[in-house]
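Student: Dumping the structure here so I can ask a few things about it.
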Amino acid sequence: YGWLGSLPNLTWLYQCHIPRTGLPRDSGEIGTIFPFPTKDDMALDLSTESHFNQKSQNEALSRDNEALSGSNVREEVRTNTKEPKFSTPGGTAIFGAFAYSISAPAYRSLIHQLQNDVGSMLWKSKKMRAYKVKAIDKILPRHVRENFGRNSVHVTNKVAFVRGPMLGSLLHKHWDKSFCESTEWQFSLSCCESSISAPYNINVDGSNVWDRVWLPESERKIVEHRKCYGEWIRKDELKI
């Protein structure tokens with residue numbers, strides 16, 4: 001019900017993966033349910049053997065990415081503020097899931113694994129002194145798919161929740177602005193794919209997504225600052 005991804009990954013999802021894998025829907029429904037995307041799905045769509053028109057797909061991805069990131073570099077580019085920028089799809093297709101539900105059987109299975117193998121929920125790099133708990137939005141899809149089948153995790157293309165603007169991540173502070181950019185781009189892609197964009201006056205870049213959600217006063221000021229000055233700032237940078 002609430003998830004994000006990098007700008008190129010979102011473009012791939014809405015232009016390729018969702019049209020190909022979306023479940024049939026009844027007439028009148030405006031949303032599409034699709035299976036959780038994997039690296040194999042991405043490789044299928046981006047390979048030369050894909051049944052999609054590879055040239056037109058790459059051109060579309062290139063146009064979107066160039067317009068959004070201002071760069072056509074294929075690898076990750078880090079600016080002075082260490083904000084990651086990607087120009088091609090890759091890695092984890094969906095990340096930052098923050099609104100979801102889990103079935104009773106899947107929940108019991110997860111608890112059973114935790115009780116019998118707590119180490120499977122932890123990770124540690126060579127340079128780390130201690131273990132850390134894996135992110136729940138990474139654990140859930142992987143665990144459920146491994147135990148209940150590859151199509152057991154479903155995602156909706158029209159989210160019901162969005163991440164607060166410049167919320168401030170304890171783990172990935174350098175991603176704060178990217179989360180905002182992805183939220184706007186996701187809103188644009190999910191609305192402009194159908195006639196829903198017409199009656200609701202959706203901006204092409206999705207920047208008015210913040211006008212359609214409830215925000216506390218401090219976060220509303222962050223959005224207003226961005227509208228006035230064209231840049232995102234954190235709550236502690238606001239001038240009261």
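Note on naming: chains are A, B, ... as they come in the structure tokens, residues start from 1 per chain, ligands start from 1 in the order shown.
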Using only C-alpha atoms, which residues sit within 7 Å of Ala93 (chain A) once same-chain residues fewer than 6 positions away are excluded, as a ChimeraX atom specification?
Tutor: /A:5,9,37-38
Student: Report as an mmCIF file with all heavy atoms, in the first residue's frame all protein, DNA and RNA residues lying within 10 Å of Phe161 (chain A), evaluated on only C-alpha atoms, omitting residues in the same chain fewer than 5 positions from it.
Tutor:
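In the end it all went to out_27.cif:
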```cif
data_model
loop_
_atom_site.group_PDB
_atom_site.id
_atom_site.type_symbol
_atom_site.label_atom_id
_atom_site.label_comp_id
_atom_site.auth_asym_id
_atom_site.auth_seq_id
_atom_site.Cartn_x
_atom_site.Cartn_y
_atom_site.Cartn_z
ATOM 1 N N TYR A 1 0.811 -1.213 0.000
ATOM 2 C CA TYR A 1 0.000 0.000 0.000
ATOM 3 C C TYR A 1 0.847 1.266 0.000
ATOM 4 O O TYR A 1 0.353 2.353 -0.224
ATOM 5 C CB TYR A 1 -0.933 0.000 1.213
ATOM 6 C CG TYR A 1 -1.707 -1.288 1.383
ATOM 7 C CD1 TYR A 1 -1.431 -2.144 2.429
ATOM 8 C CD2 TYR A 1 -2.684 -1.638 0.464
ATOM 9 C CE1 TYR A 1 -2.134 -3.329 2.586
ATOM 10 C CE2 TYR A 1 -3.388 -2.823 0.608
ATOM 11 C CZ TYR A 1 -3.111 -3.670 1.673
ATOM 12 O OH TYR A 1 -3.794 -4.840 1.810
ATOM 13 N N GLY A 2 2.119 1.112 0.303
ATOM 14 C CA GLY A 2 3.035 2.236 0.297
ATOM 15 C C GLY A 2 4.439 1.737 0.045
ATOM 16 O O GLY A 2 4.987 0.971 0.845
ATOM 17 N N TRP A 3 5.052 2.138 -1.063
ATOM 18 C CA TRP A 3 6.379 1.645 -1.432
ATOM 19 C C TRP A 3 7.032 2.628 -2.393
ATOM 20 O O TRP A 3 6.372 3.485 -2.961
ATOM 21 C CB TRP A 3 6.278 0.263 -2.091
ATOM 22 C CG TRP A 3 5.349 0.221 -3.275
ATOM 23 C CD1 TRP A 3 3.996 0.004 -3.257
ATOM 24 C CD2 TRP A 3 5.700 0.446 -4.647
ATOM 25 N NE1 TRP A 3 3.478 0.072 -4.528
ATOM 26 C CE2 TRP A 3 4.494 0.331 -5.407
ATOM 27 C CE3 TRP A 3 6.894 0.720 -5.305
ATOM 28 C CZ2 TRP A 3 4.472 0.493 -6.787
ATOM 29 C CZ3 TRP A 3 6.857 0.873 -6.687
ATOM 30 C CH2 TRP A 3 5.662 0.750 -7.408
ATOM 31 N N PHE A 98 6.640 0.828 3.303
ATOM 32 C CA PHE A 98 6.303 1.309 4.639
ATOM 33 C C PHE A 98 4.835 1.112 4.996
ATOM 34 O O PHE A 98 4.397 1.494 6.074
ATOM 35 C CB PHE A 98 6.659 2.794 4.766
ATOM 36 C CG PHE A 98 6.224 3.617 3.584
ATOM 37 C CD1 PHE A 98 4.932 4.084 3.467
ATOM 38 C CD2 PHE A 98 7.120 3.901 2.569
ATOM 39 C CE1 PHE A 98 4.538 4.831 2.373
ATOM 40 C CE2 PHE A 98 6.741 4.647 1.465
ATOM 41 C CZ PHE A 98 5.439 5.120 1.369
ATOM 42 N N ALA A 99 4.046 0.527 4.118
ATOM 43 C CA ALA A 99 2.643 0.239 4.414
ATOM 44 C C ALA A 99 2.298 -1.089 3.762
ATOM 45 O O ALA A 99 2.255 -1.191 2.545
ATOM 46 C CB ALA A 99 1.730 1.360 3.883
ATOM 47 N N TYR A 100 2.065 -2.103 4.583
ATOM 48 C CA TYR A 100 1.827 -3.435 4.048
ATOM 49 C C TYR A 100 1.067 -4.261 5.072
ATOM 50 O O TYR A 100 0.939 -3.891 6.248
ATOM 51 C CB TYR A 100 3.160 -4.127 3.716
ATOM 52 C CG TYR A 100 4.233 -3.954 4.776
ATOM 53 C CD1 TYR A 100 4.252 -4.746 5.916
ATOM 54 C CD2 TYR A 100 5.196 -2.964 4.640
ATOM 55 C CE1 TYR A 100 5.205 -4.559 6.893
ATOM 56 C CE2 TYR A 100 6.168 -2.774 5.614
ATOM 57 C CZ TYR A 100 6.174 -3.586 6.738
ATOM 58 O OH TYR A 100 7.123 -3.391 7.702
ATOM 59 N N VAL A 213 -2.291 14.866 0.312
ATOM 60 C CA VAL A 213 -2.129 14.096 1.539
ATOM 61 C C VAL A 213 -2.107 15.033 2.735
ATOM 62 O O VAL A 213 -1.787 16.222 2.618
ATOM 63 C CB VAL A 213 -0.823 13.264 1.515
ATOM 64 C CG1 VAL A 213 -0.873 12.242 0.390
ATOM 65 C CG2 VAL A 213 0.399 14.162 1.348
#
```
Student: Tell me, as a PDB file with N, CA and C atoms, in the first residue's frame, which residues lie within 12 Å of Glu224 (chain A), counting only C-alpha atoms; anything in the same chain fewer than 4 positions away does not count.
Tutor:
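What landed in around_2.pdb:
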```
ATOM      1  N   PRO A 165       7.596  14.081   3.475  1.00  0.00           N
ATOM      2  CA  PRO A 165       8.686  14.803   2.805  1.00  0.00           C
ATOM      3  C   PRO A 165       9.859  15.079   3.747  1.00  0.00           C
ATOM      4  N   SER A 207       4.550  16.609  -8.780  1.00  0.00           N
ATOM      5  CA  SER A 207       4.952  17.418  -7.628  1.00  0.00           C
ATOM      6  C   SER A 207       3.785  17.822  -6.725  1.00  0.00           C
ATOM      7  N   ASN A 208       2.553  17.752  -7.245  1.00  0.00           N
ATOM      8  CA  ASN A 208       1.429  18.129  -6.394  1.00  0.00           C
ATOM      9  C   ASN A 208       0.865  16.954  -5.609  1.00  0.00           C
ATOM     10  N   TRP A 210       1.875  16.187  -2.815  1.00  0.00           N
ATOM     11  CA  TRP A 210       1.841  16.651  -1.425  1.00  0.00           C
ATOM     12  C   TRP A 210       0.570  17.430  -1.120  1.00  0.00           C
ATOM     13  N   ASP A 211      -0.093  17.923  -2.159  1.00  0.00           N
ATOM     14  CA  ASP A 211      -1.348  18.650  -1.955  1.00  0.00           C
ATOM     15  C   ASP A 211      -2.517  17.699  -1.711  1.00  0.00           C
ATOM     16  N   LEU A 215      -0.515  16.544   5.944  1.00  0.00           N
ATOM     17  CA  LEU A 215       0.833  16.742   6.453  1.00  0.00           C
ATOM     18  C   LEU A 215       0.787  17.624   7.694  1.00  0.00           C
ATOM     19  N   GLU A 217       2.163  20.620  10.153  1.00  0.00           N
ATOM     20  CA  GLU A 217       2.568  21.971   9.755  1.00  0.00           C
ATOM     21  C   GLU A 217       4.038  22.044   9.357  1.00  0.00           C
ATOM     22  N   SER A 218       4.909  21.372  10.101  1.00  0.00           N
ATOM     23  CA  SER A 218       6.339  21.444   9.808  1.00  0.00           C
ATOM     24  C   SER A 218       6.651  20.854   8.439  1.00  0.00           C
ATOM     25  N   GLU A 219       6.007  19.735   8.094  1.00  0.00           N
ATOM     26  CA  GLU A 219       6.252  19.119   6.792  1.00  0.00           C
ATOM     27  C   GLU A 219       5.611  19.926   5.668  1.00  0.00           C
ATOM     28  N   ARG A 220       4.503  20.564   5.959  1.00  0.00           N
ATOM     29  CA  ARG A 220       3.878  21.433   4.955  1.00  0.00           C
ATOM     30  C   ARG A 220       4.795  22.609   4.640  1.00  0.00           C
ATOM     31  N   CYS A 228       8.740  27.280  -3.419  1.00  0.00           N
ATOM     32  CA  CYS A 228       9.218  28.661  -3.583  1.00  0.00           C
ATOM     33  C   CYS A 228      10.652  28.726  -4.083  1.00  0.00           C
ATOM     34  N   TYR A 229      11.515  27.839  -3.585  1.00  0.00           N
ATOM     35  CA  TYR A 229      12.944  27.958  -3.860  1.00  0.00           C
ATOM     36  C   TYR A 229      13.504  26.806  -4.686  1.00  0.00           C
ATOM     37  N   GLY A 230      12.679  25.795  -4.960  1.00  0.00           N
ATOM     38  CA  GLY A 230      13.119  24.695  -5.818  1.00  0.00           C
ATOM     39  C   GLY A 230      14.104  23.738  -5.187  1.00  0.00           C
ATOM     40  N   GLU A 231      14.178  23.696  -3.864  1.00  0.00           N
ATOM     41  CA  GLU A 231      15.094  22.780  -3.210  1.00  0.00           C
ATOM     42  C   GLU A 231      14.455  22.195  -1.948  1.00  0.00           C
ATOM     43  N   TRP A 232      14.879  20.975  -1.636  1.00  0.00           N
ATOM     44  CA  TRP A 232      14.381  20.310  -0.434  1.00  0.00           C
ATOM     45  C   TRP A 232      15.287  20.635   0.740  1.00  0.00           C
ATOM     46  N   ILE A 233      14.704  20.895   1.890  1.00  0.00           N
ATOM     47  CA  ILE A 233      15.480  21.117   3.115  1.00  0.00           C
ATOM     48  C   ILE A 233      14.896  20.244   4.227  1.00  0.00           C
ATOM     49  N   LEU A 238      14.690  24.530   8.647  1.00  0.00           N
ATOM     50  CA  LEU A 238      13.619  25.512   8.463  1.00  0.00           C
ATOM     51  C   LEU A 238      13.875  26.743   9.338  1.00  0.00           C
TER      52      LEU A 238
END
```
Student: From the list A:Asn157, A:Met166, A:Ile111, A:Leu44, which residue is nearest Pro19 (chain A) when using only C-alpha atoms?
Tutor: A:Asn157
